[in-house]
>>> print(open('start-v1.cif').read())   # mmCIF, C-alpha atoms and all ligand atoms
data_start
#
loop_
_atom_site.group_PDB
_atom_site.id
_atom_site.type_symbol
_atom_site.label_atom_id
_atom_site.label_comp_id
_atom_site.auth_asym_id
_atom_site.auth_seq_id
_atom_site.Cartn_x
_atom_site.Cartn_y
_atom_site.Cartn_z
ATOM 1 C CA MET M 8 -75.055 -50.094 -162.237
ATOM 2 C CA SER M 9 -74.779 -46.303 -162.636
ATOM 3 C CA SER M 10 -76.989 -44.675 -165.242
ATOM 4 C CA ALA M 11 -74.161 -42.620 -166.753
ATOM 5 C CA ARG M 12 -73.805 -43.082 -170.524
ATOM 6 C CA VAL M 13 -70.779 -40.775 -170.797
ATOM 7 C CA SER M 14 -67.820 -40.631 -168.477
ATOM 8 C CA ILE M 15 -65.802 -37.420 -168.158
ATOM 9 C CA ILE M 16 -62.457 -37.992 -166.498
ATOM 10 C CA MET M 17 -59.481 -35.692 -166.050
ATOM 11 C CA GLY M 18 -55.994 -35.948 -164.657
ATOM 12 C CA SER M 19 -56.418 -33.200 -162.083
ATOM 13 C CA ASP M 20 -58.978 -30.877 -160.578
ATOM 14 C CA SER M 21 -56.997 -28.118 -162.326
ATOM 15 C CA ASP M 22 -58.399 -29.491 -165.635
ATOM 16 C CA LEU M 23 -61.993 -28.903 -164.513
ATOM 17 C CA PRO M 24 -62.503 -25.429 -166.037
ATOM 18 C CA ILE M 25 -61.649 -26.929 -169.461
ATOM 19 C CA MET M 26 -63.770 -30.057 -168.974
ATOM 20 C CA LYS M 27 -66.827 -28.316 -167.514
ATOM 21 C CA PRO M 28 -68.250 -27.295 -170.928
ATOM 22 C CA ALA M 29 -68.443 -31.006 -171.876
ATOM 23 C CA ALA M 30 -70.570 -31.642 -168.792
ATOM 24 C CA GLU M 31 -72.705 -28.586 -169.506
ATOM 25 C CA PHE M 32 -73.398 -29.715 -173.078
ATOM 26 C CA LEU M 33 -74.401 -33.222 -171.975
ATOM 27 C CA GLU M 34 -76.614 -31.711 -169.287
ATOM 28 C CA GLN M 35 -78.232 -29.448 -171.899
ATOM 29 C CA LEU M 36 -79.114 -32.568 -173.933
ATOM 30 C CA SER M 37 -80.235 -34.492 -170.815
ATOM 31 C CA ILE M 38 -77.594 -37.179 -171.375
ATOM 32 C CA PRO M 39 -76.579 -38.797 -168.081
ATOM 33 C CA PHE M 40 -72.866 -38.559 -167.341
ATOM 34 C CA GLU M 41 -70.394 -38.980 -164.519
ATOM 35 C CA LEU M 42 -67.400 -36.749 -163.885
ATOM 36 C CA THR M 43 -64.364 -37.553 -161.788
ATOM 37 C CA ILE M 44 -60.601 -37.224 -161.417
ATOM 38 C CA VAL M 45 -58.450 -40.139 -162.574
ATOM 39 C CA SER M 46 -54.721 -39.494 -162.772
ATOM 40 C CA ALA M 47 -52.555 -41.743 -164.946
ATOM 41 C CA HIS M 48 -49.470 -40.826 -162.954
ATOM 42 C CA ARG M 49 -50.765 -40.225 -159.414
ATOM 43 C CA THR M 50 -53.496 -42.900 -159.269
ATOM 44 C CA PRO M 51 -52.373 -45.531 -161.800
ATOM 45 C CA ASP M 52 -54.271 -48.398 -160.112
ATOM 46 C CA ARG M 53 -57.479 -46.340 -160.107
ATOM 47 C CA MET M 54 -56.964 -45.536 -163.791
ATOM 48 C CA ILE M 55 -56.649 -49.229 -164.654
ATOM 49 C CA SER M 56 -59.682 -50.343 -162.656
ATOM 50 C CA TYR M 57 -61.758 -47.395 -163.933
ATOM 51 C CA ALA M 58 -60.905 -48.203 -167.553
ATOM 52 C CA GLN M 59 -61.520 -51.927 -167.008
ATOM 53 C CA GLU M 60 -64.950 -51.407 -165.459
ATOM 54 C CA ALA M 61 -66.555 -48.363 -167.108
ATOM 55 C CA HIS M 62 -68.334 -50.353 -169.837
ATOM 56 C CA SER M 63 -69.801 -52.844 -167.374
ATOM 57 C CA ARG M 64 -71.427 -49.944 -165.523
ATOM 58 C CA GLY M 65 -73.232 -48.839 -168.703
ATOM 59 C CA VAL M 66 -70.836 -46.109 -169.825
ATOM 60 C CA GLN M 67 -70.708 -45.930 -173.644
ATOM 61 C CA VAL M 68 -68.179 -43.164 -174.327
ATOM 62 C CA ILE M 69 -65.261 -41.860 -172.268
ATOM 63 C CA ILE M 70 -64.020 -38.277 -172.477
ATOM 64 C CA ALA M 71 -60.542 -37.962 -170.957
ATOM 65 C CA GLY M 72 -58.722 -34.674 -170.476
ATOM 66 C CA ALA M 73 -55.128 -34.131 -169.389
ATOM 67 C CA GLY M 74 -52.279 -31.676 -169.750
ATOM 68 C CA GLY M 75 -48.508 -31.792 -170.184
ATOM 69 C CA ALA M 76 -47.322 -35.409 -170.415
ATOM 70 C CA ALA M 77 -50.952 -36.315 -171.039
ATOM 71 C CA HIS M 78 -51.010 -40.102 -170.781
ATOM 72 C CA LEU M 79 -54.528 -40.553 -169.388
ATOM 73 C CA PRO M 80 -56.580 -40.698 -172.639
ATOM 74 C CA GLY M 81 -54.191 -43.078 -174.406
ATOM 75 C CA MET M 82 -53.736 -45.381 -171.441
ATOM 76 C CA VAL M 83 -57.490 -45.545 -170.836
ATOM 77 C CA ALA M 84 -57.993 -46.262 -174.559
ATOM 78 C CA SER M 85 -55.488 -49.095 -174.312
ATOM 79 C CA ILE M 86 -57.672 -50.811 -171.685
ATOM 80 C CA THR M 87 -61.339 -49.972 -172.377
ATOM 81 C CA PRO M 88 -63.423 -51.332 -175.272
ATOM 82 C CA LEU M 89 -65.230 -47.946 -175.387
ATOM 83 C CA PRO M 90 -64.462 -45.024 -177.706
ATOM 84 C CA VAL M 91 -62.205 -42.485 -175.978
ATOM 85 C CA ILE M 92 -62.289 -38.776 -176.791
ATOM 86 C CA GLY M 93 -59.110 -37.005 -175.703
ATOM 87 C CA VAL M 94 -59.013 -33.373 -174.612
ATOM 88 C CA PRO M 95 -55.530 -31.845 -174.593
ATOM 89 C CA VAL M 96 -55.343 -29.288 -171.783
ATOM 90 C CA LYS M 97 -52.928 -26.371 -171.673
ATOM 91 C CA SER M 98 -52.072 -26.883 -168.015
ATOM 92 C CA SER M 99 -49.609 -25.269 -165.634
ATOM 93 C CA ASN M 100 -47.032 -27.956 -166.482
ATOM 94 C CA SER M 101 -47.611 -27.696 -170.231
ATOM 95 C CA ILE M 102 -44.899 -25.919 -172.208
ATOM 96 C CA ASP M 103 -47.211 -24.456 -174.835
ATOM 97 C CA GLY M 104 -50.033 -26.980 -175.270
ATOM 98 C CA TRP M 105 -48.276 -28.935 -178.033
ATOM 99 C CA ASP M 106 -46.960 -31.410 -175.468
ATOM 100 C CA SER M 107 -50.532 -32.228 -174.396
ATOM 101 C CA ILE M 108 -51.805 -32.329 -177.997
ATOM 102 C CA LEU M 109 -49.096 -34.655 -179.253
ATOM 103 C CA SER M 110 -49.220 -36.920 -176.192
ATOM 104 C CA ILE M 111 -52.918 -37.535 -176.883
ATOM 105 C CA LEU M 112 -52.941 -37.385 -180.680
ATOM 106 C CA GLN M 113 -49.922 -39.445 -181.704
ATOM 107 C CA MET M 114 -51.185 -42.841 -180.596
ATOM 108 C CA PRO M 115 -49.657 -46.024 -181.957
ATOM 109 C CA SER M 116 -51.571 -48.036 -184.530
ATOM 110 C CA GLY M 117 -54.274 -50.130 -182.901
ATOM 111 C CA ILE M 118 -55.209 -47.753 -180.068
ATOM 112 C CA PRO M 119 -57.039 -44.683 -181.417
ATOM 113 C CA VAL M 120 -57.992 -41.646 -179.353
ATOM 114 C CA ALA M 121 -60.410 -39.172 -180.981
ATOM 115 C CA THR M 122 -58.520 -35.991 -180.149
ATOM 116 C CA VAL M 123 -60.276 -32.619 -180.076
ATOM 117 C CA ALA M 124 -58.640 -29.185 -180.152
ATOM 118 C CA LEU M 125 -56.516 -27.799 -177.332
ATOM 119 C CA ASN M 126 -58.866 -26.951 -174.444
ATOM 120 C CA GLY M 127 -61.734 -28.302 -176.572
ATOM 121 C CA GLY M 128 -63.910 -29.558 -173.742
ATOM 122 C CA LYS M 129 -67.175 -28.465 -175.340
ATOM 123 C CA ASN M 130 -66.415 -30.205 -178.632
ATOM 124 C CA ALA M 131 -65.636 -33.367 -176.662
ATOM 125 C CA GLY M 132 -69.126 -33.217 -175.146
ATOM 126 C CA ILE M 133 -70.670 -32.630 -178.566
ATOM 127 C CA LEU M 134 -68.709 -35.517 -180.079
ATOM 128 C CA ALA M 135 -69.704 -37.872 -177.253
ATOM 129 C CA ALA M 136 -73.370 -36.978 -177.790
ATOM 130 C CA THR M 137 -72.957 -37.420 -181.550
ATOM 131 C CA ILE M 138 -71.476 -40.899 -181.063
ATOM 132 C CA LEU M 139 -74.457 -41.864 -178.897
ATOM 133 C CA GLY M 140 -76.766 -40.276 -181.487
ATOM 134 C CA SER M 141 -75.564 -42.647 -184.186
ATOM 135 C CA SER M 142 -77.633 -45.395 -182.532
ATOM 136 C CA ASP M 143 -80.129 -43.340 -180.481
ATOM 137 C CA ALA M 144 -82.728 -41.464 -182.514
ATOM 138 C CA GLY M 145 -83.696 -39.159 -179.623
ATOM 139 C CA ILE M 146 -80.134 -37.931 -179.150
ATOM 140 C CA ARG M 147 -79.616 -37.730 -182.915
ATOM 141 C CA GLN M 148 -82.587 -35.351 -183.173
ATOM 142 C CA LYS M 149 -81.082 -33.190 -180.424
ATOM 143 C CA ILE M 150 -77.823 -32.961 -182.400
ATOM 144 C CA ILE M 151 -79.819 -32.003 -185.507
ATOM 145 C CA ASP M 152 -81.594 -29.298 -183.476
ATOM 146 C CA TYR M 153 -78.305 -28.095 -181.996
ATOM 147 C CA LYS M 154 -76.739 -27.719 -185.438
ATOM 148 C CA ALA M 155 -79.835 -25.863 -186.663
ATOM 149 C CA SER M 156 -79.426 -23.476 -183.710
ATOM 150 C CA LEU M 157 -75.817 -22.777 -184.767
ATOM 151 C CA THR M 158 -76.988 -21.978 -188.290
ATOM 152 C CA ALA M 159 -79.797 -19.754 -186.988
ATOM 153 C CA ALA M 160 -77.367 -17.826 -184.766
ATOM 154 C CA VAL M 161 -75.089 -17.086 -187.727
ATOM 155 C CA MET M 162 -78.026 -16.144 -189.976
ATOM 156 C CA ASP M 163 -79.218 -13.661 -187.325
ATOM 157 C CA LYS M 164 -75.799 -12.029 -187.512
ATOM 158 C CA VAL M 165 -75.927 -12.049 -191.316
ATOM 159 C CA ASP M 166 -79.223 -10.106 -191.103
ATOM 160 C CA THR M 167 -77.900 -7.743 -188.431
ATOM 161 C CA VAL M 168 -74.715 -6.910 -190.312
ATOM 162 C CA ALA M 169 -76.765 -6.399 -193.481
ATOM 163 C CA ALA M 170 -79.130 -4.045 -191.647
ATOM 164 C CA LEU M 171 -76.544 -2.086 -189.658
ATOM 165 C CA GLY M 172 -73.508 -2.261 -191.920
ATOM 166 C CA TYR M 173 -70.079 -3.105 -190.604
ATOM 167 C CA LYS M 174 -69.743 0.215 -188.771
ATOM 168 C CA GLY M 175 -72.959 -0.175 -186.832
ATOM 169 C CA PHE M 176 -72.551 -3.874 -186.029
HETATM 170 C C1 LIG V 1 -51.807 -33.564 -165.721
HETATM 171 O O1 LIG V 1 -50.977 -32.640 -165.120
HETATM 172 C C2 LIG V 1 -53.194 -33.118 -165.353
HETATM 173 O O2 LIG V 1 -54.116 -33.593 -166.285
HETATM 174 C C3 LIG V 1 -53.080 -31.627 -165.381
HETATM 175 O O3 LIG V 1 -53.450 -31.100 -166.659
HETATM 176 C C4 LIG V 1 -51.598 -31.380 -165.151
HETATM 177 C C5 LIG V 1 -51.286 -30.585 -163.916
HETATM 178 O O4 LIG V 1 -51.871 -31.176 -162.781
HETATM 179 P P1 LIG V 1 -51.831 -30.424 -161.385
HETATM 180 O O5 LIG V 1 -50.384 -30.315 -160.985
HETATM 181 O O6 LIG V 1 -52.469 -29.065 -161.600
HETATM 182 O O7 LIG V 1 -52.629 -31.277 -160.440
HETATM 183 O O8 LIG V 1 -51.569 -34.856 -165.290
#
>>> encode(input="start-v1.cif", output="structure tokens")
Amino acid sequence: MSSARVSIIMGSDSDLPIMKPAAEFLEQLSIPFELTIVSAHRTPDRMISYAQEAHSRGVQVIIAGAGGAAHLPGMVASITPLPVIGVPVKSSNSIDGWDSILSILQMPSGIPVATVALNGGKNAGILAATILGSSDAGIRQKIIDYKASLTAAVMDKVDTVAALGYKGF
């Protein structure tokens, strides 16, 4: 059994720059993950076996990114009992990103995919950690700390803009 608690999959290696921030966030929180390429269209058998088996290997959340006719997140969600977070990717075959967004977002009743923003790899990593944090106090504390760091970063800017004025900022 692998120790990965989160799986990050994507339709193509060309999706990697968008999916990397999800991996980086999980790494930052010391959450074990695996990352691989699973294509709904080019490796359909691999997609089915991956989605059938991920939970038995200990994976608890799947992040799936794809572009254009982005069938991977929805198809994986139709097979796995795990929550699936979909990342719409504005890929080379995407018209304007809406094709990827709608392919992932507009799932039929019964098969939800938690869809993040276009190219929202980092938010997918944060959401996966947050899902784990709902039943893992250690991870939950890390999410609390992360949110506090976001607040602190903005408050620093509030102080700086107050001190320097908008012209000096
Ligand atoms: C999708 O097609 C992939 O997820 C990727 O976003 C897009 C283009 O794939 P490549 O032609 O770059 O391999 O299935």
>>> resolve_selection(input="start-v1.cif", expression="the PyMOL selection byres (((chain M and resi 38) around 9) and not hetatm)", output="list in words")
Ala11, Arg12, Val13, Phe32, Leu33, Glu34, Gln35, Leu36, Ser37, Pro39, Phe40, Ala136 and Ile146 of chain M
>>> write_last_selection(input="start-v1.cif", atoms="C-alpha atoms", output="JSON list (two decimals), in the coordinates of the input")
[["chain", "number", "residue", "atom", "x", "y", "z"],
["M", 11, "ALA", "CA", -74.16, -42.62, -166.75],
["M", 12, "ARG", "CA", -73.81, -43.08, -170.52],
["M", 13, "VAL", "CA", -70.78, -40.78, -170.80],
["M", 32, "PHE", "CA", -73.40, -29.72, -173.08],
["M", 33, "LEU", "CA", -74.40, -33.22, -171.98],
["M", 34, "GLU", "CA", -76.61, -31.71, -169.29],
["M", 35, "GLN", "CA", -78.23, -29.45, -171.90],
["M", 36, "LEU", "CA", -79.11, -32.57, -173.93],
["M", 37, "SER", "CA", -80.24, -34.49, -170.82],
["M", 39, "PRO", "CA", -76.58, -38.80, -168.08],
["M", 40, "PHE", "CA", -72.87, -38.56, -167.34],
["M", 136, "ALA", "CA", -73.37, -36.98, -177.79],
["M", 146, "ILE", "CA", -80.13, -37.93, -179.15]]
>>> resolve_selection(input="start-v1.cif", expression="the PyMOL selection byres (((chain M and resi 60-71) around 7) and not hetatm)", output="ChimeraX atom specification")
/M:8-17,56-59,72-73,79-80,89-94,131,135
>>> atom_distance(input="start-v1.cif", atom1="atom CA of M:Ile25", atom2="atom CA of M:Asp143")
27.1 Å
>>> closest_atom_pairs(input="start-v1.cif", of="chain M", to="ligand LIG 1 (chain V)", cutoff="9 Å", atoms="only C-alpha atoms and all ligand atoms", output="JSON lines")
{"residue": "M:Met17", "atom": "CA", "partner": "V:LIG1", "partner_atom": "O2", "distance": 5.8}
{"residue": "M:Gly18", "atom": "CA", "partner": "V:LIG1", "partner_atom": "O2", "distance": 3.4}
{"residue": "M:Ser19", "atom": "CA", "partner": "V:LIG1", "partner_atom": "O7", "distance": 4.6}
{"residue": "M:Asp20", "atom": "CA", "partner": "V:LIG1", "partner_atom": "O7", "distance": 6.4}
{"residue": "M:Ser21", "atom": "CA", "partner": "V:LIG1", "partner_atom": "O6", "distance": 4.7}
{"residue": "M:Asp22", "atom": "CA", "partner": "V:LIG1", "partner_atom": "O3", "distance": 5.3}
{"residue": "M:Ile44", "atom": "CA", "partner": "V:LIG1", "partner_atom": "O2", "distance": 8.9}
{"residue": "M:Val45", "atom": "CA", "partner": "V:LIG1", "partner_atom": "O2", "distance": 8.7}
{"residue": "M:Ser46", "atom": "CA", "partner": "V:LIG1", "partner_atom": "O8", "distance": 6.1}
{"residue": "M:Ala47", "atom": "CA", "partner": "V:LIG1", "partner_atom": "O8", "distance": 7.0}
{"residue": "M:His48", "atom": "CA", "partner": "V:LIG1", "partner_atom": "O8", "distance": 6.7}
{"residue": "M:Arg49", "atom": "CA", "partner": "V:LIG1", "partner_atom": "O8", "distance": 8.0}
{"residue": "M:Gly72", "atom": "CA", "partner": "V:LIG1", "partner_atom": "O2", "distance": 6.3}
{"residue": "M:Ala73", "atom": "CA", "partner": "V:LIG1", "partner_atom": "O2", "distance": 3.3}
{"residue": "M:Gly74", "atom": "CA", "partner": "V:LIG1", "partner_atom": "O3", "distance": 3.4}
{"residue": "M:Gly75", "atom": "CA", "partner": "V:LIG1", "partner_atom": "O1", "distance": 5.7}
{"residue": "M:Ala76", "atom": "CA", "partner": "V:LIG1", "partner_atom": "O8", "distance": 6.7}
{"residue": "M:Ala77", "atom": "CA", "partner": "V:LIG1", "partner_atom": "O8", "distance": 6.0}
{"residue": "M:His78", "atom": "CA", "partner": "V:LIG1", "partner_atom": "O8", "distance": 7.6}
{"residue": "M:Leu79", "atom": "CA", "partner": "V:LIG1", "partner_atom": "O8", "distance": 7.6}
{"residue": "M:Pro95", "atom": "CA", "partner": "V:LIG1", "partner_atom": "O3", "distance": 8.2}
{"residue": "M:Val96", "atom": "CA", "partner": "V:LIG1", "partner_atom": "O3", "distance": 5.8}
{"residue": "M:Lys97", "atom": "CA", "partner": "V:LIG1", "partner_atom": "O3", "distance": 6.9}
{"residue": "M:Ser98", "atom": "CA", "partner": "V:LIG1", "partner_atom": "O3", "distance": 4.6}
{"residue": "M:Ser99", "atom": "CA", "partner": "V:LIG1", "partner_atom": "C5", "distance": 5.8}
{"residue": "M:Asn100", "atom": "CA", "partner": "V:LIG1", "partner_atom": "C5", "distance": 5.6}
{"residue": "M:Ser101", "atom": "CA", "partner": "V:LIG1", "partner_atom": "C4", "distance": 7.4}
{"residue": "M:Ser107", "atom": "CA", "partner": "V:LIG1", "partner_atom": "O3", "distance": 8.3}
>>> atom_distance(input="start-v1.cif", atom1="atom CA of M:Ser116", atom2="atom CA of M:Leu134")
21.7 Å
>>> atom_distance(input="start-v1.cif", atom1="atom CA of M:Arg53", atom2="atom CA of M:Ala121")
22.3 Å
>>> resolve_selection(input="start-v1.cif", expression="the PyMOL selection byres (((chain M and resi 118) around 9) and not hetatm)", output="PyMOL selection string")
chain M and resi 81+84-85+114-117+119-120
>>> residues_around(input="start-v1.cif", residues="M:Ile55", least_positions_apart="4", cutoff="8 Å", atoms="only C-alpha atoms", output="ChimeraX atom specification")
/M:51,59,83,86
>>> closest_residue(input="start-v1.cif", among="M:Met26, M:Ala159, M:Val168, M:Met82", to="M:Ile111", atoms="all atoms listed in the file")
M:Met82
>>> decode(input="start-v1.cif", residues="stretch 132-143 of chain M", atoms="N, CA, C and O atoms", output="mmCIF file, in the first residue's frame")
data_model
loop_
_atom_site.group_PDB
_atom_site.id
_atom_site.type_symbol
_atom_site.label_atom_id
_atom_site.label_comp_id
_atom_site.auth_asym_id
_atom_site.auth_seq_id
_atom_site.Cartn_x
_atom_site.Cartn_y
_atom_site.Cartn_z
ATOM 1 N N GLY M 132 -5.013 21.993 -4.179
ATOM 2 C CA GLY M 132 -4.173 21.438 -3.109
ATOM 3 C C GLY M 132 -4.671 21.871 -1.743
ATOM 4 O O GLY M 132 -4.740 21.074 -0.804
ATOM 5 N N ILE M 133 -5.059 23.147 -1.644
ATOM 6 C CA ILE M 133 -5.572 23.658 -0.363
ATOM 7 C C ILE M 133 -6.878 22.956 0.004
ATOM 8 O O ILE M 133 -7.091 22.550 1.146
ATOM 9 N N LEU M 134 -7.747 22.778 -0.987
ATOM 10 C CA LEU M 134 -9.031 22.115 -0.714
ATOM 11 C C LEU M 134 -8.829 20.654 -0.309
ATOM 12 O O LEU M 134 -9.487 20.160 0.618
ATOM 13 N N ALA M 135 -7.905 19.974 -0.969
ATOM 14 C CA ALA M 135 -7.628 18.573 -0.599
ATOM 15 C C ALA M 135 -7.145 18.502 0.845
ATOM 16 O O ALA M 135 -7.606 17.660 1.632
ATOM 17 N N ALA M 136 -6.244 19.405 1.221
ATOM 18 C CA ALA M 136 -5.740 19.419 2.603
ATOM 19 C C ALA M 136 -6.870 19.745 3.578
ATOM 20 O O ALA M 136 -6.963 19.165 4.663
ATOM 21 N N THR M 137 -7.747 20.655 3.179
ATOM 22 C CA THR M 137 -8.863 21.050 4.048
ATOM 23 C C THR M 137 -9.823 19.883 4.259
ATOM 24 O O THR M 137 -10.350 19.682 5.368
ATOM 25 N N ILE M 138 -10.058 19.111 3.215
ATOM 26 C CA ILE M 138 -10.926 17.924 3.341
ATOM 27 C C ILE M 138 -10.296 16.942 4.338
ATOM 28 O O ILE M 138 -10.974 16.430 5.237
ATOM 29 N N LEU M 139 -9.000 16.700 4.199
ATOM 30 C CA LEU M 139 -8.331 15.802 5.151
ATOM 31 C C LEU M 139 -8.387 16.386 6.561
ATOM 32 O O LEU M 139 -8.553 15.664 7.548
ATOM 33 N N GLY M 140 -8.275 17.718 6.655
ATOM 34 C CA GLY M 140 -8.268 18.392 7.953
ATOM 35 C C GLY M 140 -9.585 18.297 8.692
ATOM 36 O O GLY M 140 -9.632 18.483 9.909
ATOM 37 N N SER M 141 -10.663 17.985 7.983
ATOM 38 C CA SER M 141 -11.950 17.872 8.677
ATOM 39 C C SER M 141 -11.965 16.685 9.639
ATOM 40 O O SER M 141 -12.754 16.649 10.577
ATOM 41 N N SER M 142 -11.078 15.710 9.420
ATOM 42 C CA SER M 142 -11.037 14.559 10.337
ATOM 43 C C SER M 142 -9.626 14.308 10.876
ATOM 44 O O SER M 142 -9.380 13.269 11.480
ATOM 45 N N ASP M 143 -8.710 15.245 10.639
ATOM 46 C CA ASP M 143 -7.322 15.084 11.094
ATOM 47 C C ASP M 143 -6.899 16.402 11.754
ATOM 48 O O ASP M 143 -6.677 17.410 11.073
#
